[in-house]
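Student: Input structure: query_18.csv, which contains CSV, C-alpha atoms.
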```csv
chain,number,residue,atom,x,y,z
X,6,MET,CA,-4.5,21.8,24.0
X,7,PRO,CA,-4.6,19.4,27.0
X,8,PRO,CA,-4.6,15.7,26.4
X,9,ASP,CA,-8.0,14.2,25.5
X,10,SER,CA,-9.4,12.0,28.3
X,11,ASN,CA,-9.2,8.6,26.5
X,12,ASP,CA,-8.6,5.2,28.1
X,13,ALA,CA,-5.4,4.1,26.3
X,14,THR,CA,-2.3,6.0,27.3
X,15,ALA,CA,0.6,6.6,24.9
X,16,VAL,CA,4.0,8.0,24.5
X,17,VAL,CA,5.1,9.3,21.0
X,18,PHE,CA,8.6,8.8,19.7
X,19,CYS,CA,9.9,11.7,17.6
X,20,GLU,CA,13.7,11.7,18.3
X,21,GLY,CA,15.3,14.8,16.7
X,22,ASN,CA,12.2,15.8,14.7
X,23,PHE,CA,9.5,17.1,17.0
X,24,GLY,CA,8.1,20.4,15.6
X,25,THR,CA,9.6,19.8,12.2
X,26,GLN,CA,8.0,18.6,8.9
X,27,ASP,CA,9.2,15.0,9.4
X,28,GLY,CA,7.7,15.1,12.9
X,29,LYS,CA,4.2,15.8,11.6
X,30,THR,CA,2.6,12.6,13.1
X,31,ALA,CA,3.9,13.5,16.6
X,32,ASN,CA,3.0,17.2,16.1
X,33,GLY,CA,-0.5,16.2,15.2
X,34,LEU,CA,-0.9,13.9,18.1
X,35,ALA,CA,0.4,16.5,20.6
X,36,ARG,CA,-2.3,18.9,19.3
X,37,HIS,CA,-5.2,16.5,19.1
X,38,SER,CA,-6.0,12.8,19.8
X,39,GLU,CA,-9.3,11.2,20.1
X,40,LYS,CA,-8.0,7.7,20.5
X,41,TYR,CA,-5.1,8.0,22.9
X,42,ARG,CA,-4.2,10.1,25.9
X,43,ILE,CA,-0.8,11.4,25.0
X,44,LEU,CA,1.5,11.4,28.1
X,45,SER,CA,4.7,12.6,26.6
X,46,VAL,CA,6.8,12.9,23.4
X,47,ILE,CA,10.3,11.6,23.1
X,48,ASP,CA,12.9,13.9,21.6
X,49,SER,CA,16.2,14.3,23.4
X,50,THR,CA,17.0,17.6,21.5
X,51,LYS,CA,14.0,19.3,23.2
X,52,THR,CA,14.0,17.6,26.6
X,53,GLY,CA,12.1,19.5,29.3
X,54,LEU,CA,10.1,21.6,26.9
X,55,ASP,CA,6.3,21.6,26.5
X,56,THR,CA,5.0,20.3,23.2
X,57,GLY,CA,2.6,23.2,22.8
X,58,ASP,CA,5.3,25.8,23.3
X,59,VAL,CA,7.5,24.1,20.7
X,60,LEU,CA,4.6,24.1,18.2
X,61,GLY,CA,3.8,27.7,19.0
X,62,ASP,CA,0.4,26.9,20.4
X,63,GLY,CA,1.1,27.8,24.1
X,64,PRO,CA,1.4,25.2,26.9
X,65,SER,CA,-0.3,21.9,26.3
X,66,GLY,CA,0.7,20.0,29.5
X,67,ILE,CA,2.4,17.3,27.4
X,68,PRO,CA,6.2,17.2,28.2
X,69,ILE,CA,9.1,16.2,26.0
X,70,CYS,CA,11.4,13.6,27.4
X,71,SER,CA,14.9,12.4,26.5
X,72,ASP,CA,14.1,8.7,26.0
X,73,LEU,CA,11.6,6.0,26.7
X,74,GLY,CA,12.9,5.3,30.2
X,75,ALA,CA,12.5,8.9,31.2
X,76,ALA,CA,9.0,9.0,29.7
X,77,ILE,CA,8.0,6.0,31.8
X,78,ASP,CA,9.6,7.4,34.9
X,79,LEU,CA,7.7,10.7,34.4
X,80,ALA,CA,4.4,8.9,33.9
X,81,GLY,CA,4.9,6.7,36.9
X,82,VAL,CA,3.6,3.8,34.9
X,83,VAL,CA,4.3,2.0,31.6
X,84,PRO,CA,2.0,3.6,29.0
X,85,ASP,CA,-0.3,1.3,27.0
X,86,VAL,CA,1.1,2.3,23.6
X,87,PHE,CA,4.3,3.4,21.9
X,88,ILE,CA,3.5,5.4,18.8
X,89,PHE,CA,6.2,5.9,16.2
X,90,GLY,CA,5.7,9.6,15.5
X,91,LYS,CA,8.2,10.4,12.8
X,92,ALA,CA,7.2,10.5,9.1
X,93,PRO,CA,10.5,10.3,7.1
X,94,ALA,CA,10.4,10.4,3.4
X,95,SER,CA,12.0,6.9,3.3
X,96,GLY,CA,9.2,5.4,5.4
X,97,LEU,CA,11.7,3.1,7.1
X,98,LEU,CA,13.2,2.6,10.5
X,99,SER,CA,16.9,3.3,11.2
X,100,PRO,CA,18.9,0.7,13.2
X,101,PHE,CA,18.7,3.0,16.3
X,102,GLU,CA,14.9,3.3,15.9
X,103,ARG,CA,14.5,-0.5,15.6
X,104,GLY,CA,16.3,-0.7,19.0
X,105,VAL,CA,13.8,1.7,20.6
X,106,VAL,CA,10.9,-0.2,19.2
X,107,PHE,CA,12.3,-3.4,20.6
X,108,GLU,CA,12.7,-1.7,24.0
X,109,ALA,CA,9.1,-0.6,24.0
X,110,ILE,CA,8.0,-4.2,23.1
X,111,GLU,CA,10.1,-5.6,26.0
X,112,ARG,CA,8.5,-3.1,28.4
X,113,GLY,CA,5.0,-4.5,27.4
X,114,MET,CA,3.8,-1.7,25.2
X,115,ASP,CA,1.7,-2.1,22.0
X,116,ILE,CA,3.3,-0.5,19.0
X,117,VAL,CA,1.5,1.8,16.6
X,118,ASN,CA,3.5,2.2,13.4
X,119,GLY,CA,2.6,4.6,10.7
X,120,LEU,CA,5.6,3.9,8.4
X,121,HIS,CA,5.6,2.1,5.0
X,122,GLU,CA,7.8,-0.6,6.7
X,123,PHE,CA,5.3,-3.0,8.3
X,124,LEU,CA,6.4,-4.5,11.6
X,125,ASN,CA,4.2,-7.5,11.1
X,126,ASP,CA,6.3,-8.5,8.1
X,127,ASP,CA,9.5,-8.6,10.2
X,128,PRO,CA,10.0,-11.9,12.0
X,129,ALA,CA,12.2,-10.4,14.7
X,130,PHE,CA,9.4,-7.9,15.7
X,131,VAL,CA,6.7,-10.6,15.4
X,132,ILE,CA,8.7,-13.0,17.7
X,133,ALA,CA,9.4,-10.2,20.2
X,134,ALA,CA,5.7,-9.1,20.2
X,135,THR,CA,4.5,-12.7,20.7
X,136,LEU,CA,7.0,-13.3,23.5
X,137,HIS,CA,5.9,-10.1,25.4
X,138,GLY,CA,2.1,-10.4,24.6
X,139,VAL,CA,1.8,-7.1,22.7
X,140,LYS,CA,0.2,-6.0,19.5
X,141,LEU,CA,2.0,-4.6,16.4
X,142,ILE,CA,-0.4,-2.2,14.6
X,143,ASP,CA,0.7,-1.2,11.1
X,144,VAL,CA,-1.6,1.7,10.3
X,145,ARG,CA,-0.6,2.0,6.6
X,146,ARG,CA,-1.1,-1.6,5.8
X,147,PRO,CA,-3.9,-1.8,3.1
X,148,ARG,CA,-6.6,-4.4,3.0
X,149,ASP,CA,-5.9,-7.6,1.1
X,150,LYS,CA,-5.9,-7.0,-2.7
X,151,LYS,CA,-9.0,-9.2,-3.1
X,152,HIS,CA,-10.9,-6.7,-0.9
X,153,LEU,CA,-9.6,-3.5,-2.4
X,154,ARG,CA,-12.3,-1.4,-4.1
X,155,LEU,CA,-12.4,0.1,-7.5
X,156,PHE,CA,-14.1,3.4,-8.4
X,157,THR,CA,-17.8,2.9,-9.2
X,158,GLY,CA,-19.2,6.4,-9.7
X,159,ARG,CA,-21.4,6.1,-6.6
X,160,ILE,CA,-19.6,9.2,-5.2
X,161,PHE,CA,-22.1,11.2,-7.2
X,162,ASP,CA,-24.9,9.8,-5.0
X,163,VAL,CA,-23.4,11.8,-2.1
X,164,SER,CA,-25.7,14.8,-1.9
X,165,CYS,CA,-23.9,16.9,0.8
X,166,PRO,CA,-21.0,19.2,0.0
X,167,ARG,CA,-17.6,17.7,0.0
X,168,ILE,CA,-14.7,20.0,0.8
X,169,ALA,CA,-11.1,18.9,0.3
X,170,VAL,CA,-8.3,20.7,2.1
X,171,LEU,CA,-5.3,20.6,-0.3
X,172,GLY,CA,-2.0,22.3,-0.2
X,173,THR,CA,1.0,23.7,-2.0
X,174,ASP,CA,3.4,21.2,-0.4
X,175,SER,CA,3.5,18.1,1.8
X,176,ALA,CA,3.6,18.5,5.6
X,177,ILE,CA,2.1,22.0,5.4
X,178,GLY,CA,-0.8,21.7,7.8
X,179,LYS,CA,-3.6,20.3,5.6
X,180,ARG,CA,-4.8,17.8,8.2
X,181,THR,CA,-4.6,20.3,11.1
X,182,THR,CA,-6.6,22.8,9.2
X,183,ALA,CA,-9.2,20.2,8.2
X,184,GLU,CA,-9.6,19.1,11.8
X,185,VAL,CA,-9.9,22.6,13.1
X,186,LEU,CA,-12.5,23.3,10.4
X,187,THR,CA,-14.5,20.2,11.2
X,188,ARG,CA,-14.6,21.1,14.9
X,189,ALA,CA,-15.5,24.7,14.1
X,190,LEU,CA,-18.4,23.7,11.9
X,191,HIS,CA,-19.6,21.2,14.6
X,192,ASP,CA,-19.5,24.0,17.2
X,193,TYR,CA,-21.5,26.1,14.9
X,194,GLY,CA,-24.2,23.4,14.7
X,195,ILE,CA,-23.3,22.0,11.3
X,196,ASN,CA,-22.8,18.2,11.2
X,197,ALA,CA,-19.4,18.0,9.6
X,198,VAL,CA,-17.5,14.7,9.3
X,199,PHE,CA,-13.8,14.4,8.8
X,200,VAL,CA,-12.3,11.9,6.4
X,201,ALA,CA,-8.6,11.1,6.9
X,202,THR,CA,-6.3,10.2,4.1
X,203,GLY,CA,-3.0,9.6,5.9
X,204,GLN,CA,-1.6,7.7,8.8
X,205,THR,CA,-1.7,10.6,11.4
X,206,GLY,CA,-5.4,11.2,11.1
X,207,ILE,CA,-6.1,7.5,11.5
X,208,ILE,CA,-3.8,7.2,14.5
X,209,GLN,CA,-5.5,10.3,16.1
X,210,GLY,CA,-8.8,8.3,15.9
X,211,ALA,CA,-10.6,9.5,12.8
X,212,ARG,CA,-13.7,7.3,12.3
X,213,TYR,CA,-13.3,7.3,8.6
X,214,GLY,CA,-9.9,7.1,6.8
X,215,VAL,CA,-7.6,5.4,4.4
X,216,ALA,CA,-3.8,5.6,4.2
X,217,LEU,CA,-4.0,6.5,0.5
X,218,ASP,CA,-0.2,6.5,-0.3
X,219,ALA,CA,0.0,2.8,0.6
X,220,ILE,CA,-2.8,1.7,-1.8
X,221,PRO,CA,-1.9,0.3,-5.2
X,222,GLY,CA,-2.6,3.0,-7.8
X,223,GLN,CA,-5.3,0.9,-9.6
X,224,PHE,CA,-7.4,1.1,-6.4
X,225,CYS,CA,-6.7,4.5,-5.0
X,226,SER,CA,-9.7,6.4,-6.5
X,227,GLY,CA,-12.0,3.5,-5.5
X,228,GLU,CA,-10.7,3.3,-1.9
X,229,MET,CA,-11.1,7.1,-1.6
X,230,GLU,CA,-14.6,7.0,-3.0
X,231,ALA,CA,-15.6,4.0,-0.8
X,232,THR,CA,-14.3,5.7,2.4
X,233,VAL,CA,-16.2,8.9,1.6
X,234,LEU,CA,-19.3,6.8,0.9
X,235,GLU,CA,-19.0,5.0,4.2
X,236,ALA,CA,-18.8,8.3,6.1
X,237,TYR,CA,-21.8,9.7,4.2
X,238,GLU,CA,-24.0,6.6,4.5
X,239,ASN,CA,-23.2,6.1,8.2
X,240,GLU,CA,-23.4,9.7,9.4
X,241,ARG,CA,-25.6,11.5,6.9
X,242,PRO,CA,-23.6,14.7,7.5
X,243,ASP,CA,-24.3,18.2,6.4
X,244,VAL,CA,-20.8,18.4,4.9
X,245,LEU,CA,-17.8,16.2,4.5
X,246,ILE,CA,-14.2,17.5,5.1
X,247,ILE,CA,-11.6,15.5,3.3
X,248,GLU,CA,-7.9,15.7,4.2
X,249,GLY,CA,-5.5,16.4,1.4
X,250,GLN,CA,-2.1,14.8,0.9
X,251,GLY,CA,1.1,16.3,-0.8
X,252,ALA,CA,0.2,18.8,-3.5
X,253,LEU,CA,-1.3,18.3,-6.9
X,254,SER,CA,1.8,20.0,-8.5
X,255,HIS,CA,4.2,18.0,-6.3
X,256,PRO,CA,6.5,15.8,-8.5
X,257,ALA,CA,7.0,13.2,-5.8
X,258,TYR,CA,3.5,12.6,-4.4
X,259,LEU,CA,0.3,11.7,-6.4
X,260,SER,CA,-2.3,11.3,-3.6
X,261,SER,CA,-3.9,14.6,-4.4
X,262,VAL,CA,-4.8,13.2,-7.9
X,263,PHE,CA,-6.8,10.3,-6.3
X,264,ILE,CA,-8.4,12.6,-3.6
X,265,LEU,CA,-9.8,14.8,-6.3
X,266,ARG,CA,-10.8,11.9,-8.5
X,267,GLY,CA,-12.2,9.6,-5.8
X,268,SER,CA,-14.0,12.1,-3.6
X,269,GLN,CA,-15.0,14.6,-6.4
X,270,PRO,CA,-15.1,17.6,-4.0
X,271,GLN,CA,-17.3,20.5,-5.0
X,272,ALA,CA,-14.9,22.8,-3.2
X,273,VAL,CA,-11.2,23.0,-2.1
X,274,ILE,CA,-9.5,25.0,0.6
X,275,LEU,CA,-5.8,25.5,-0.2
X,276,GLN,CA,-3.2,25.5,2.6
X,277,HIS,CA,0.0,27.5,1.9
X,278,ALA,CA,3.2,28.5,3.8
X,279,PRO,CA,4.2,31.9,2.6
X,280,ALA,CA,7.7,31.8,4.2
X,281,ARG,CA,8.5,28.4,2.8
X,282,THR,CA,10.7,28.8,-0.3
X,283,SER,CA,11.3,25.2,-1.3
X,284,LEU,CA,9.4,22.0,-1.2
X,285,GLY,CA,10.0,19.9,2.0
X,286,ASP,CA,12.6,17.2,1.5
X,287,PHE,CA,13.4,18.8,-1.9
X,288,PRO,CA,15.5,21.9,-1.3
X,289,ASP,CA,16.2,22.5,-5.0
X,290,LEU,CA,12.5,22.6,-5.9
X,291,LYS,CA,10.8,25.9,-5.6
X,292,MET,CA,7.5,26.2,-3.8
X,293,PRO,CA,4.5,26.8,-6.2
X,294,SER,CA,2.5,30.0,-5.7
X,295,PRO,CA,-1.1,29.8,-4.5
X,296,SER,CA,-2.2,31.2,-7.8
X,297,SER,CA,-0.5,28.5,-9.9
X,298,GLU,CA,-1.8,25.8,-7.6
X,299,ILE,CA,-5.3,27.1,-7.8
X,300,ASP,CA,-5.2,27.2,-11.6
X,301,LEU,CA,-3.9,23.7,-11.7
X,302,ILE,CA,-6.5,22.3,-9.3
X,303,GLN,CA,-9.4,24.0,-11.1
X,304,ALA,CA,-8.1,22.9,-14.5
X,305,PHE,CA,-7.6,19.3,-13.3
X,306,ALA,CA,-11.0,18.8,-11.5
X,307,ASP,CA,-14.5,20.1,-11.6
X,308,THR,CA,-14.1,22.1,-8.4
X,309,THR,CA,-13.7,25.6,-7.0
X,310,VAL,CA,-11.1,26.8,-4.6
X,311,ILE,CA,-13.1,28.7,-2.0
X,312,GLY,CA,-10.4,29.9,0.4
X,313,LEU,CA,-6.8,30.0,1.4
X,314,THR,CA,-5.4,29.0,4.8
X,315,ILE,CA,-1.9,30.0,5.9
X,316,ASN,CA,0.7,28.0,7.7
X,317,HIS,CA,2.5,30.6,9.8
X,318,GLU,CA,5.9,28.8,10.1
X,319,SER,CA,8.7,31.3,10.3
X,320,MET,CA,6.3,34.2,10.3
X,321,THR,CA,5.4,36.9,12.9
X,322,ASP,CA,1.8,37.6,13.7
X,323,ASP,CA,2.0,40.9,11.8
X,324,GLU,CA,3.3,39.0,8.8
X,325,VAL,CA,0.4,36.6,8.9
X,326,SER,CA,-2.0,39.6,9.0
X,327,GLU,CA,-0.2,41.1,6.0
X,328,ALA,CA,-0.3,37.8,4.1
X,329,ILE,CA,-4.1,37.4,4.8
X,330,VAL,CA,-4.8,40.9,3.3
X,331,HIS,CA,-2.4,40.3,0.4
X,332,TYR,CA,-3.8,36.9,-0.7
X,333,GLU,CA,-7.4,38.1,-0.3
X,334,ASP,CA,-6.7,41.0,-2.6
X,335,LEU,CA,-4.6,38.9,-5.1
X,336,LEU,CA,-6.9,35.8,-5.2
X,337,GLY,CA,-10.3,37.3,-4.5
X,338,ILE,CA,-11.1,34.6,-1.9
X,339,PRO,CA,-11.2,34.6,1.9
X,340,ALA,CA,-7.9,33.8,3.7
X,341,THR,CA,-7.1,33.0,7.3
X,342,ASP,CA,-4.8,31.0,9.6
X,343,ALA,CA,-6.6,28.1,11.2
X,344,LEU,CA,-4.4,28.2,14.3
X,345,THR,CA,-3.9,31.8,15.1
X,346,ARG,CA,-7.2,33.4,13.9
X,347,SER,CA,-10.8,32.8,15.0
X,348,PRO,CA,-12.2,29.4,13.8
X,349,GLN,CA,-15.3,31.4,12.8
X,350,ARG,CA,-13.3,32.7,9.8
X,351,LEU,CA,-13.2,29.1,8.5
X,352,VAL,CA,-16.9,28.7,9.1
X,353,ASP,CA,-17.6,31.9,7.3
X,354,MET,CA,-15.4,30.7,4.4
X,355,VAL,CA,-17.6,27.6,4.0
X,356,LEU,CA,-20.9,29.4,4.5
X,357,ARG,CA,-19.9,31.9,1.8
X,358,ALA,CA,-19.5,29.0,-0.7
X,359,PHE,CA,-22.4,26.9,0.7
X,360,PRO,CA,-25.1,29.3,2.1
X,361,GLU,CA,-27.5,26.5,2.3
X,362,LEU,CA,-25.6,25.2,5.4
X,363,GLU,CA,-26.5,28.4,7.3
X,364,ARG,CA,-28.4,27.6,10.5
```
Represent the structure contained in this file as structure tokens.

Tutor:
Amino acid sequence: MPPDSNDATAVVFCEGNFGTQDGKTANGLARHSEKYRILSVIDSTKTGLDTGDVLGDGPSGIPICSDLGAAIDLAGVVPDVFIFGKAPASGLLSPFERGVVFEAIERGMDIVNGLHEFLNDDPAFVIAATLHGVKLIDVRRPRDKKHLRLFTGRIFDVSCPRIAVLGTDSAIGKRTTAEVLTRALHDYGINAVFVATGQTGIIQGARYGVALDAIPGQFCSGEMEATVLEAYENERPDVLIIEGQGALSHPAYLSSVFILRGSQPQAVILQHAPARTSLGDFPDLKMPSPSSEIDLIQAFADTTVIGLTINHESMTDDEVSEAIVHYEDLLGIPATDALTRSPQRLVDMVLRAFPELER
């Protein structure tokens, strides 16, 4: 997908991780960005390649460079923004990465940071940013506690369908599928609005979003509810598409709990990677099956899983086709791959569950 024509230019740092699970922020920005025009991605292990080719999408026109200097030389100008595009489980910068961020600041670039480590809390970064007249943007920083919102029950005033895209693991493509679905519904003439729940969707430019995993637990359901209410009241959409996080069954991540409680979706689309055998970052933990995850979701929440979407990592196209047939037979619901199959299949999945949306 070519870069979107936005005013602010950006380079995305993803050293050693582009195209991997921990590179999901950079992967997402290379595929889609409404807020920034992505000029290049930094990853010296894939220098000279095209981001789209690495992601298996075909040429995107966004090159991969060895370092920040090379990215600036290629652009012919210092980009407006340096985006930290890695999403490590630790949520922290390494000493090397701190050095690269300082270099970007010294070159006059604003810094967009999606980590749990907030740059504005670090005096060294604050002093450097002030000296060079740049902004430090900590995407995951929650609002002040006195302004955090508790659950009210007003979510039940939202009259349009709410569809959450959940998954069987973290970094499995939930956001990508949710974004493809939102655009496909829009193209079909249905006013669909996307609600982001993680840092990548917010960095991409989602109008409505909350970095849910940075919110104190007491307020997570309320912040989720309030964000969905804002999207509904401002846009009056036909349908709301809510990005999932982690997996309901995942022992390390709890965001799916708050997404289901706070947004109260009437329907869920489940994202699964058939070739993935263990949970990302947890090689000793076996992946759940779609059947077990569906049973858990439907037992935990008053919702229905209406379809399965496939992450085709480590799969051939024939294997994807076989998986679609297999899961449709096994689960009795539609299945597709949002990236390699027609987006109309996603639209049909939604219309099958909500025929009132048919135009």

Student: Per residue of segment 255-352 of chain X within 12 Å of segment 197-218 of chain X, what are the shortest atom pair and its distance in Å to one decimal, counting all atoms listed in the file, with rows by chain and residue number, as a tab-separated table?

Tutor:
```
residue	atom	partner	partner_atom	distance
X:Ala257	CA	X:Asp218	CA	11.3
X:Tyr258	CA	X:Asp218	CA	8.2
X:Leu259	CA	X:Asp218	CA	8.0
X:Ser260	CA	X:Asp218	CA	6.2
X:Ser261	CA	X:Leu217	CA	9.5
X:Val262	CA	X:Leu217	CA	10.8
X:Phe263	CA	X:Leu217	CA	8.3
X:Ile264	CA	X:Thr202	CA	8.3
X:Leu265	CA	X:Thr202	CA	11.9
X:Gly267	CA	X:Leu217	CA	10.8
X:Ser268	CA	X:Val200	CA	10.1
X:Val352	CA	X:Ala197	CA	11.0
```

Student: Measuring atom to atom with all atoms listed in the file, identify which of X:Val144, X:Met229, X:Val17, X:Val244 is nearest to Cys165 of chain X.

Tutor: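 Closest to Cys165 of chain X of all the choices is X:Val244.
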
Student: Could you give me, as CSV, every segment 163-191 of chain X residue with an atom at most 10 Å from segment 312-323 of chain X, plus its closest atom pair and distance in Å to one decimal, counting only C-alpha atoms, rows ordered by chain then number?

Tutor:
```
residue,atom,partner,partner_atom,distance
X:Val170,CA,X:Thr314,CA,9.2
X:Leu171,CA,X:Leu313,CA,9.7
X:Gly172,CA,X:Thr314,CA,9.0
X:Ile177,CA,X:Asn316,CA,6.6
X:Gly178,CA,X:Asn316,CA,6.5
X:Lys179,CA,X:Thr314,CA,8.9
X:Thr181,CA,X:Asn316,CA,9.9
X:Thr182,CA,X:Thr314,CA,7.7
```

Student: Using only C-alpha atoms, which of X:Leu362, X:Ile220, X:Val105, X:Val117 sits nearest Pro147 of chain X?

Tutor: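 Comparing X:Leu362, X:Ile220, X:Val105, X:Val117 against Pro147 of chain X, the winner is X:Ile220.
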
Student: Identify the residues within 10 Å of coordinate (6.3, 12.0, 33.7) (same frame as the file), considering only C-alpha atoms, and give the answer as a tab-separated table (two decimals) with C-alpha atoms, in the frame of the given file.

Tutor:
```tsv
chain	number	residue	atom	x	y	z
X	44	LEU	CA	1.50	11.40	28.10
X	45	SER	CA	4.70	12.60	26.60
X	67	ILE	CA	2.40	17.30	27.40
X	68	PRO	CA	6.20	17.20	28.20
X	69	ILE	CA	9.10	16.20	26.00
X	70	CYS	CA	11.40	13.60	27.40
X	75	ALA	CA	12.50	8.90	31.20
X	76	ALA	CA	9.00	9.00	29.70
X	77	ILE	CA	8.00	6.00	31.80
X	78	ASP	CA	9.60	7.40	34.90
X	79	LEU	CA	7.70	10.70	34.40
X	80	ALA	CA	4.40	8.90	33.90
X	81	GLY	CA	4.90	6.70	36.90
X	82	VAL	CA	3.60	3.80	34.90
```

Student: Report the distance between atom CA of Asp300 of chain X and atom CA of Phe287 of chain X in Å, rounded to one decimal place.

Tutor: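 Computing it gives 22.6 Å between the two atoms.
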
Student: To one decimal place in Å, what is the distance between atom CA of Pro348 of chain X and atom CA of Ala13 of chain X?

Tutor: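 Between atom CA of Pro348 of chain X and atom CA of Ala13 of chain X the gap works out to 29.0 Å.
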
Student: Need to verify the contact set: Tyr41 of chain X, 7 Å, all atoms listed in the file, exclusion of same-chain residues closer than 4 positions in sequence. Can you return it as a PyMOL selection string?

Tutor: chain X and resi 11-15

Student: In the coordinates of the file, take the point (-2.7, 31.0, 12.2) and a cut-off of 8 Å; then, counting all atoms listed in the file, name each qualifying protein, DNA or RNA residue as a PyMOL selection string.

Tutor: chain X and resi 315-317+325+341-346

Student: Go through X:Ile142, X:Val16, X:Cys225, X:Ser99 and flag the residue nearest Val83 of chain X, using all atoms listed in the file for the distances.

Tutor: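 Under the stated criterion, the closest residue is X:Val16.
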
Student: Just the residues within 7 Å of Arg180 of chain X, please, counting all atoms listed in the file, with nothing from its chain fewer than 4 positions along; format it as a PyMOL selection string.

Tutor: chain X and resi 184+248-249

Student: Measure the distance from atom CA of Ile160 of chain X to atom CA of Ala231 of chain X in Å and round it to one decimal.

Tutor: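 Calculated distance between atom CA of Ile160 of chain X and atom CA of Ala231 of chain X is 7.9 Å.
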
Student: Hey, what's within 8 Å of Arg281 of chain X if we count all atoms listed in the file and toss same-chain stuff fewer than 2 positions away? As a PyMOL selection string, please?

Tutor: chain X and resi 278-279+283-284+292+318

Student: From the block I gave, I'd like segment 56-69 of chain X written with N, CA, C and O atoms, as a PDB file, in the first residue's frame.

Tutor:
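Okay, selection_7.pdb is ready:
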```pdb
ATOM      1  N   THR X  56       9.224  -2.634   2.381  1.00  0.00           N
ATOM      2  CA  THR X  56       8.439  -3.087   3.532  1.00  0.00           C
ATOM      3  C   THR X  56       7.295  -4.002   3.121  1.00  0.00           C
ATOM      4  O   THR X  56       6.997  -4.994   3.797  1.00  0.00           O
ATOM      5  N   GLY X  57       6.656  -3.686   2.012  1.00  0.00           N
ATOM      6  CA  GLY X  57       5.533  -4.510   1.562  1.00  0.00           C
ATOM      7  C   GLY X  57       5.966  -5.914   1.189  1.00  0.00           C
ATOM      8  O   GLY X  57       5.256  -6.887   1.471  1.00  0.00           O
ATOM      9  N   ASP X  58       7.137  -6.029   0.589  1.00  0.00           N
ATOM     10  CA  ASP X  58       7.647  -7.353   0.234  1.00  0.00           C
ATOM     11  C   ASP X  58       7.950  -8.169   1.490  1.00  0.00           C
ATOM     12  O   ASP X  58       7.676  -9.374   1.549  1.00  0.00           O
ATOM     13  N   VAL X  59       8.532  -7.521   2.500  1.00  0.00           N
ATOM     14  CA  VAL X  59       8.845  -8.226   3.744  1.00  0.00           C
ATOM     15  C   VAL X  59       7.559  -8.714   4.422  1.00  0.00           C
ATOM     16  O   VAL X  59       7.508  -9.821   4.968  1.00  0.00           O
ATOM     17  N   LEU X  60       6.510  -7.899   4.373  1.00  0.00           N
ATOM     18  CA  LEU X  60       5.246  -8.259   5.012  1.00  0.00           C
ATOM     19  C   LEU X  60       4.399  -9.202   4.169  1.00  0.00           C
ATOM     20  O   LEU X  60       3.351  -9.670   4.617  1.00  0.00           O
ATOM     21  N   GLY X  61       4.849  -9.476   2.940  1.00  0.00           N
ATOM     22  CA  GLY X  61       4.109 -10.381   2.064  1.00  0.00           C
ATOM     23  C   GLY X  61       2.946  -9.739   1.362  1.00  0.00           C
ATOM     24  O   GLY X  61       2.058 -10.431   0.834  1.00  0.00           O
ATOM     25  N   ASP X  62       2.942  -8.395   1.308  1.00  0.00           N
ATOM     26  CA  ASP X  62       1.823  -7.670   0.693  1.00  0.00           C
ATOM     27  C   ASP X  62       2.114  -7.227  -0.735  1.00  0.00           C
ATOM     28  O   ASP X  62       1.233  -6.690  -1.401  1.00  0.00           O
ATOM     29  N   GLY X  63       3.355  -7.386  -1.197  1.00  0.00           N
ATOM     30  CA  GLY X  63       3.755  -6.814  -2.473  1.00  0.00           C
ATOM     31  C   GLY X  63       4.357  -5.442  -2.246  1.00  0.00           C
ATOM     32  O   GLY X  63       4.221  -4.855  -1.164  1.00  0.00           O
ATOM     33  N   PRO X  64       5.046  -4.888  -3.244  1.00  0.00           N
ATOM     34  CA  PRO X  64       5.775  -3.627  -3.081  1.00  0.00           C
ATOM     35  C   PRO X  64       4.896  -2.491  -2.547  1.00  0.00           C
ATOM     36  O   PRO X  64       3.774  -2.291  -3.014  1.00  0.00           O
ATOM     37  N   SER X  65       5.443  -1.762  -1.564  1.00  0.00           N
ATOM     38  CA  SER X  65       4.713  -0.634  -0.968  1.00  0.00           C
ATOM     39  C   SER X  65       5.324   0.698  -1.344  1.00  0.00           C
ATOM     40  O   SER X  65       4.690   1.742  -1.190  1.00  0.00           O
ATOM     41  N   GLY X  66       6.585   0.676  -1.799  1.00  0.00           N
ATOM     42  CA  GLY X  66       7.275   1.927  -2.076  1.00  0.00           C
ATOM     43  C   GLY X  66       7.919   2.531  -0.833  1.00  0.00           C
ATOM     44  O   GLY X  66       8.487   3.621  -0.906  1.00  0.00           O
ATOM     45  N   ILE X  67       7.836   1.840   0.294  1.00  0.00           N
ATOM     46  CA  ILE X  67       8.479   2.306   1.529  1.00  0.00           C
ATOM     47  C   ILE X  67       9.729   1.461   1.743  1.00  0.00           C
ATOM     48  O   ILE X  67       9.643   0.262   2.008  1.00  0.00           O
ATOM     49  N   PRO X  68      10.912   2.072   1.623  1.00  0.00           N
ATOM     50  CA  PRO X  68      12.163   1.304   1.733  1.00  0.00           C
ATOM     51  C   PRO X  68      12.587   1.072   3.182  1.00  0.00           C
ATOM     52  O   PRO X  68      12.151   1.770   4.100  1.00  0.00           O
ATOM     53  N   ILE X  69      13.451   0.086   3.367  1.00  0.00           N
ATOM     54  CA  ILE X  69      14.042  -0.190   4.671  1.00  0.00           C
ATOM     55  C   ILE X  69      15.495   0.264   4.634  1.00  0.00           C
ATOM     56  O   ILE X  69      16.251  -0.110   3.732  1.00  0.00           O
TER      57      ILE X  69
END
```
